[in-house]
Structure formats: structure tokens, C-alpha cells
$ cat work24.cif   # mmCIF, C-alpha atoms and all ligand atoms
data_model
loop_
_atom_site.label_atom_id
_atom_site.label_comp_id
_atom_site.auth_asym_id
_atom_site.auth_seq_id
_atom_site.Cartn_x
_atom_site.Cartn_y
_atom_site.Cartn_z
CA MET A 356 0.00 0.00 0.00
CA LYS A 357 1.32 3.38 -0.97
CA ASP A 358 2.25 5.56 1.97
CA LEU A 359 -0.15 8.45 1.64
CA CYS A 360 1.71 10.52 4.19
CA THR A 361 4.54 11.00 1.72
CA ASN A 362 2.22 12.90 -0.57
CA PRO A 363 1.65 16.37 0.89
CA GLN A 364 -1.14 17.08 -1.60
CA LEU A 365 -3.06 14.02 -0.55
CA ARG A 366 -2.58 14.38 3.13
CA ARG A 367 -1.31 17.06 5.41
CA LYS A 368 -0.76 15.03 8.52
CA GLY A 369 -2.68 16.25 11.54
CA GLN A 370 -4.98 18.51 9.57
CA LYS A 371 -7.26 15.88 8.07
CA VAL A 372 -7.00 17.50 4.69
CA PHE A 373 -7.47 15.19 1.75
CA ILE A 374 -7.52 15.77 -1.94
CA VAL A 375 -8.60 12.48 -3.35
CA ASN A 376 -10.05 12.83 -6.77
CA GLN A 377 -6.83 14.11 -8.30
CA HIS A 378 -5.18 10.82 -7.42
CA ASN A 379 -6.40 7.62 -8.90
CA LYS A 380 -5.24 4.56 -10.74
CA GLY A 381 -6.27 5.97 -14.07
CA ASN A 382 -9.65 4.28 -13.99
CA GLY A 383 -11.32 6.56 -11.49
CA ILE A 384 -10.52 4.30 -8.55
CA PRO A 385 -8.83 6.30 -5.76
CA ILE A 386 -5.56 4.81 -4.61
CA ASP A 387 -6.70 4.93 -1.01
CA TYR A 388 -9.34 2.24 -1.51
CA ILE A 389 -8.50 -0.89 0.39
CA GLY A 390 -11.45 -2.62 -1.16
CA TYR A 391 -14.32 -1.61 -3.41
CA TRP A 392 -17.20 -3.97 -4.09
CA PRO A 393 -19.70 -2.21 -6.40
CA PHE A 394 -21.70 -5.47 -6.78
CA ASN A 395 -22.43 -4.75 -10.41
CA GLY A 396 -22.93 -8.26 -11.77
CA ASN A 397 -20.47 -9.88 -9.35
CA ALA A 398 -18.78 -9.52 -5.95
CA ASN A 399 -15.33 -8.69 -7.28
CA ASP A 400 -13.08 -6.15 -5.62
CA GLU A 401 -12.60 -3.28 -8.07
CA SER A 402 -9.91 -1.60 -5.97
CA GLY A 403 -7.17 -3.63 -7.62
CA ASN A 404 -6.16 -5.13 -4.29
CA GLY A 405 -7.57 -8.56 -5.06
CA TYR A 406 -10.07 -8.88 -2.22
CA ASP A 407 -12.70 -10.53 -4.41
CA GLY A 408 -15.81 -11.65 -2.57
CA VAL A 409 -16.97 -15.27 -2.68
CA VAL A 410 -20.76 -15.43 -2.94
CA ASN A 411 -22.50 -17.96 -0.73
CA GLY A 412 -26.17 -18.00 -1.64
CA ALA A 413 -26.67 -14.26 -2.11
CA THR A 414 -28.34 -13.34 -5.37
CA LEU A 415 -28.06 -10.31 -7.63
CA THR A 416 -30.95 -7.88 -7.45
CA THR A 417 -31.86 -4.32 -8.37
CA ASP A 418 -29.97 -1.45 -6.75
CA ARG A 419 -31.31 1.79 -5.28
CA LYS A 420 -31.62 3.26 -8.78
CA SER A 421 -33.53 0.21 -10.09
CA ASN A 422 -30.57 -1.05 -12.12
CA PRO A 423 -30.91 -4.83 -12.47
CA ASN A 424 -28.20 -7.20 -11.18
CA SER A 425 -26.42 -4.35 -9.41
CA ALA A 426 -26.77 -5.19 -5.70
CA TYR A 427 -26.88 -8.40 -3.64
CA SER A 428 -29.94 -9.80 -1.88
CA PHE A 429 -29.59 -11.98 1.24
CA ASP A 430 -32.47 -14.19 2.42
CA GLY A 431 -31.29 -14.99 5.94
CA ASN A 432 -28.69 -17.71 5.45
CA ASP A 433 -26.43 -16.16 2.81
CA TYR A 434 -23.15 -14.31 2.95
CA ILE A 435 -20.30 -12.95 0.85
CA SER A 436 -16.84 -13.60 2.25
CA VAL A 437 -13.48 -11.98 1.58
CA ALA A 438 -10.62 -14.22 2.64
CA SER A 439 -7.36 -13.17 4.29
CA PHE A 440 -8.24 -9.53 4.77
CA ASN A 441 -5.15 -8.22 6.50
CA GLN A 442 -4.99 -4.53 7.27
CA ASN A 443 -3.27 -2.76 10.13
CA LEU A 444 -4.76 0.71 10.27
CA ASN A 445 -5.08 3.52 12.78
CA GLU A 446 -7.81 5.06 10.70
CA TRP A 447 -10.22 3.78 8.11
CA SER A 448 -13.66 4.41 6.67
CA ILE A 449 -16.39 2.16 5.32
CA SER A 450 -19.22 3.29 3.07
CA LEU A 451 -22.09 1.04 2.01
CA TRP A 452 -25.78 1.00 1.12
CA PHE A 453 -28.17 -1.28 2.98
CA TYR A 454 -31.83 -2.26 2.73
CA PHE A 455 -33.74 -4.30 5.30
CA ASP A 456 -36.56 -6.62 4.22
CA THR A 457 -37.85 -7.11 7.76
CA GLN A 458 -37.43 -6.00 11.35
CA PRO A 459 -35.88 -9.17 12.75
CA ALA A 460 -36.18 -10.92 16.12
CA THR A 461 -32.41 -11.41 16.32
CA GLN A 462 -29.55 -9.15 15.30
CA LYS A 463 -28.75 -9.42 11.60
CA TYR A 464 -25.31 -8.59 10.32
CA LEU A 465 -24.31 -6.17 7.61
CA LEU A 466 -20.59 -6.74 8.11
CA ASP A 467 -18.56 -8.95 10.38
CA ASN A 468 -14.93 -9.90 10.63
CA ARG A 469 -15.33 -12.37 13.42
CA MET A 470 -14.65 -15.61 11.59
CA SER A 471 -11.03 -15.90 12.67
CA GLY A 472 -8.66 -14.08 14.97
CA THR A 473 -9.65 -12.32 18.14
CA ASP A 474 -10.39 -8.81 16.91
CA ARG A 475 -14.04 -8.43 16.15
CA LEU A 476 -15.88 -5.65 14.51
CA LEU A 477 -19.46 -5.88 13.48
CA PHE A 478 -22.16 -3.71 12.01
CA TYR A 479 -25.63 -5.08 12.49
CA GLN A 480 -29.36 -4.48 12.38
CA GLN A 481 -30.86 -3.92 15.79
CA THR A 482 -33.80 -5.95 17.02
CA THR A 483 -35.33 -3.93 19.82
CA LEU A 484 -35.54 -0.77 17.76
CA PRO A 485 -35.38 -0.06 14.05
CA ASP A 486 -31.75 0.94 13.94
CA VAL A 487 -28.25 -0.09 12.98
CA ALA A 488 -25.41 -0.41 15.42
CA TYR A 489 -21.81 -1.40 15.64
CA GLY A 490 -19.84 -3.34 18.17
CA ALA A 491 -16.22 -4.04 18.86
CA LEU A 492 -16.71 -7.02 21.06
CA ASP A 493 -13.16 -7.43 22.29
CA THR A 494 -13.57 -4.26 24.30
CA GLY A 495 -17.23 -4.81 25.04
CA VAL A 496 -18.36 -1.71 23.23
CA GLN A 497 -21.69 -1.57 21.57
CA GLU A 498 -22.93 1.63 20.12
CA VAL A 499 -26.34 2.50 18.83
CA SER A 500 -27.38 5.50 16.82
CA GLU A 501 -30.56 7.48 17.16
CA PHE A 502 -31.70 6.97 13.61
CA THR A 503 -34.96 5.21 12.87
CA VAL A 504 -34.56 2.87 9.93
CA SER A 505 -37.55 1.69 7.93
CA THR A 506 -37.74 -1.60 6.09
CA LEU A 507 -37.87 -1.80 2.30
CA THR A 508 -35.81 1.38 1.96
CA TRP A 509 -32.22 1.98 0.88
CA TYR A 510 -29.95 3.85 3.31
CA HIS A 511 -26.39 5.06 3.03
CA LEU A 512 -24.14 4.13 5.94
CA VAL A 513 -20.65 5.44 6.68
CA TYR A 514 -18.43 4.49 9.58
CA VAL A 515 -15.23 6.45 10.15
CA TYR A 516 -12.64 5.07 12.54
CA ASP A 517 -10.12 7.52 13.94
CA SER A 518 -7.60 6.23 16.46
CA GLY A 519 -10.06 4.31 18.58
CA LEU A 520 -13.29 6.19 17.99
CA ILE A 521 -15.96 5.33 15.44
CA LYS A 522 -18.31 7.93 14.02
CA GLY A 523 -21.42 6.88 12.13
CA TYR A 524 -23.39 8.64 9.42
CA ILE A 525 -26.69 7.51 7.96
CA ASP A 526 -27.96 9.29 4.86
CA ASN A 527 -25.34 11.98 5.39
CA VAL A 528 -26.47 12.71 8.96
CA TYR A 529 -24.05 12.25 11.85
CA GLN A 530 -25.38 9.76 14.38
CA THR A 531 -25.02 10.94 17.95
CA PRO A 532 -23.91 7.79 19.76
CA ASP A 533 -25.55 6.38 22.85
CA VAL A 534 -22.10 5.36 23.99
CA SER A 535 -18.86 7.02 23.00
CA THR A 536 -16.03 4.83 24.13
CA ASP A 537 -12.53 4.50 22.82
CA ILE A 538 -12.35 0.98 21.44
CA GLY A 539 -8.57 1.15 21.25
CA THR A 540 -6.40 0.07 18.39
CA TYR A 541 -8.44 -1.89 15.95
CA ASN A 542 -6.82 -4.01 13.29
CA PHE A 543 -8.18 -6.26 10.62
CA ALA A 544 -5.44 -8.82 11.15
CA ASN A 545 -5.60 -12.35 9.76
CA THR A 546 -9.32 -12.20 9.41
CA ASP A 547 -12.01 -12.90 6.91
CA LEU A 548 -14.41 -10.12 6.12
CA VAL A 549 -18.01 -11.23 5.83
CA PHE A 550 -20.85 -9.26 4.28
CA GLY A 551 -24.43 -10.07 5.23
CA ASN A 552 -23.95 -12.52 8.07
CA ASN A 553 -22.25 -13.52 11.26
CA THR A 554 -21.55 -17.04 10.14
CA PRO A 555 -20.68 -18.62 13.51
CA LEU A 556 -23.98 -17.41 14.93
CA SER A 557 -26.04 -17.77 11.75
CA ARG A 558 -27.35 -14.23 11.94
CA GLY A 559 -27.89 -13.70 8.27
CA LEU A 560 -29.23 -10.46 6.89
CA GLU A 561 -32.65 -10.43 5.30
CA GLY A 562 -32.14 -7.54 2.96
CA ARG A 563 -29.73 -6.07 0.46
CA LEU A 564 -26.23 -4.58 0.34
CA ASP A 565 -24.52 -2.52 -2.33
CA ASP A 566 -21.48 -0.40 -3.13
CA ILE A 567 -19.25 -1.37 -0.21
CA ARG A 568 -16.13 0.79 -0.09
CA PHE A 569 -13.29 0.42 2.37
CA TYR A 570 -10.72 3.22 2.69
CA ASN A 571 -7.43 3.40 4.55
CA ARG A 572 -8.14 6.91 5.82
CA LEU A 573 -10.85 9.19 7.15
CA LEU A 574 -13.55 10.33 4.78
CA THR A 575 -14.26 14.05 4.88
CA LEU A 576 -17.77 15.38 5.42
CA ASN A 577 -17.75 16.55 1.81
CA GLU A 578 -16.82 13.08 0.59
CA ILE A 579 -19.56 11.49 2.71
CA SER A 580 -22.04 13.92 1.20
CA ASN A 581 -20.82 13.13 -2.31
CA LEU A 582 -21.19 9.39 -1.71
CA TYR A 583 -24.70 9.87 -0.37
CA ASN A 584 -25.73 12.00 -3.35
CA GLU A 585 -24.03 9.81 -5.93
CA CA B 1 -24.07 -1.76 -7.27
CA CA B 2 -30.28 -18.36 1.04
#

$ encode --input "work24.cif" --output "C-alpha cells" --more "lines below"
Ligand SMILES: [Ca+2]
Ligand SMILES: [Ca+2]
Amino acid sequence: MKDLCTNPQLRRKGQKVFIVNQHNKGNGIPIDYIGYWPFNGNANDESGNGYDGVVNGATLTTDRKSNPNSAYSFDGNDYISVASFNQNLNEWSISLWFYFDTQPATQKYLLDNRMSGTDRLLFYQQTTLPDVAYGALDTGVQEVSEFTVSTLTWYHLVYVYDSGLIKGYIDNVYQTPDVSTDIGTYNFANTDLVFGNNTPLSRGLEGRLDDIRFYNRLLTLNEISNLYNE
């Protein structure tokens, strides 16, 4: 991975200033993507880093703009896995679109990296209230936003991780957390990344996912807005 700190245009360290769109691989893909799964006809990683997803039961469906075969649908026992996802990062961001078919009786997972290793990070659909939440179970942190999520509706979700703290945005609105606890250093080390399920617990999403993007840096508010309005 290219060291972004060596590029003063891309990052002025300590000031959180990023100029991304001037730097790409020549195909419009920013070089600071760790992984990019647009789910347009397949679960391949378009970042160039080779983290192709393996589809286990999920089926292609229409996306938020009614394009056919451009998102994945999960019916409760499906998942898409990315093997050997090894990243050691002090800051990262994830952007994705989700859609819930139902309000479930048990937590249903959007993203989980629990399959191997001890670090765990999970984003999931809440059961007791229509909401999404994240947890970093090694440190016992669970955090819930204040955003009411309806079923059968697409939402844009961004999580930004900055040196131990996670900030969440749904549809370009910052989610004031119920709990704001430093979860410490979080690494995706020797782990599989799983979309749409927590496979050990069989907590498979009943809904849809699309356009999952994983960055090795913080997204700016302007970038979050652009992703939401894209
Ligand atoms: Ca898509
Ligand atoms: Ca299935």
C-alpha cells in the first residue's frame, strides 16, 4: 500500500485535509481504496487489491436506482466472504448502502470480521428498535445510533474510525452515539471479512447490500455527502 503521508497534496498530517479525486489509478478508482465492491454483476473487488468476494447464496438484485443485477440480496442464510483480509490501520472508513426486508427478532449482520482471529468488529441491524449499530466485542463496546430505519428502503451508511473512535453517518447525517467509548487500536489482522452474516452465529441479513467501499483513511464530510448524493 502506498504511503499516503509521503504525498503532501493528498494528506497534510494532523490537519485531516485530503484531496482524493486528483489521485487515482487511471480508472477513477482512488488509490486509497483498500477494497471496493460495487456489486455490479459480481462480488469482485474493483480496488485492484484482489479482495474478491466469494458469494455464498446471495443473489443479484436491483440497486437503489432500479438497475438490475447491481446489488446483492440476502435471504437470511447467505453471505459474501473476503478471505485473508489483513490490514493494520489507525484510521479507516467504510461506506455502504443497505436495505432491510424485515425487522428481525435477532440481530442481523451487515458486516462482520469475526470468523477468525480475536479482533471483532461488526455492524448489524438492531432488534429492539429499528436501527443499525456497531460493536467491537473485544472491548465490550456496543454503540447505537438514534436513527430510525424503515424496512424496504435503501440507506447510506458510513463508519469512520479515527484512532479508537468510530463515528457513524446515515444518509449523510451524523449519528449521535448512545455510547462514545474509545475501542482502542483496531486491526483487521488475519481475518475474513463477511458481508451479510455472522456465520458462527447464523445471523444472516434479510435484505440487500450494495457499493461497499473500504478506505485506509478518514472520509471528509464533503466526501460522505458526495457518496450519499451519488
Ligand atoms: Ca451496485
Ligand atoms: Ca439463502

$ closest_residue --input "work24.cif" --among "A:Asn527, A:Gln481, A:Asn411, A:Asn424" --to "ligand CA 2 (chain B)" --atoms "all atoms listed in the file"
A:Asn411

$ residues_near_ligand --input "work24.cif" --ligand "ligand CA 1 (chain B)" --cutoff "7 Å" --atoms "only C-alpha atoms and all ligand atoms" --output "list in words"
Pro393, Phe394, Asn395, Asp418, Ser425, Ala426, Asp565 and Asp566 of chain A

$ residues_near_ligand --input "work24.cif" --ligand "ligand CA 2 (chain B)" --cutoff "6 Å" --atoms "all atoms listed in the file" --output "JSON, numbers by chain"
{"A": [412, 430, 432, 433]}

$ atom_distance --input "work24.cif" --atom1 "atom CA of Asp400 of chain A" --atom2 "atom CA of Leu576 of chain A"
24.6 Å

$ residues_around --input "work24.cif" --residues "Phe569 of chain A" --least-positions-apart "6" --cutoff "6 Å" --atoms "all atoms listed in the file" --output "JSON, numbers by chain"
{"A": [388, 389, 390, 448, 449]}

$ closest_residue --input "work24.cif" --among "A:Tyr514, A:Tyr406, A:Tyr529, A:Trp447" --to "Leu466 of chain A" --atoms "all atoms listed in the file"
A:Tyr514

$ closest_residue --input "work24.cif" --among "A:Asn552, A:Thr575, A:Asn443, A:Thr506" --to "Phe429 of chain A" --atoms "all atoms listed in the file"
A:Asn552

$ closest_residue --input "work24.cif" --among "A:Ser428, A:Asn581, A:Ser439, A:Thr503" --to "Gly551 of chain A" --atoms "all atoms listed in the file"
A:Ser428

$ closest_residue --input "work24.cif" --among "A:Val487, A:Val409, A:Leu415, A:Leu573" --to "Leu520 of chain A" --atoms "all atoms listed in the file"
A:Leu573
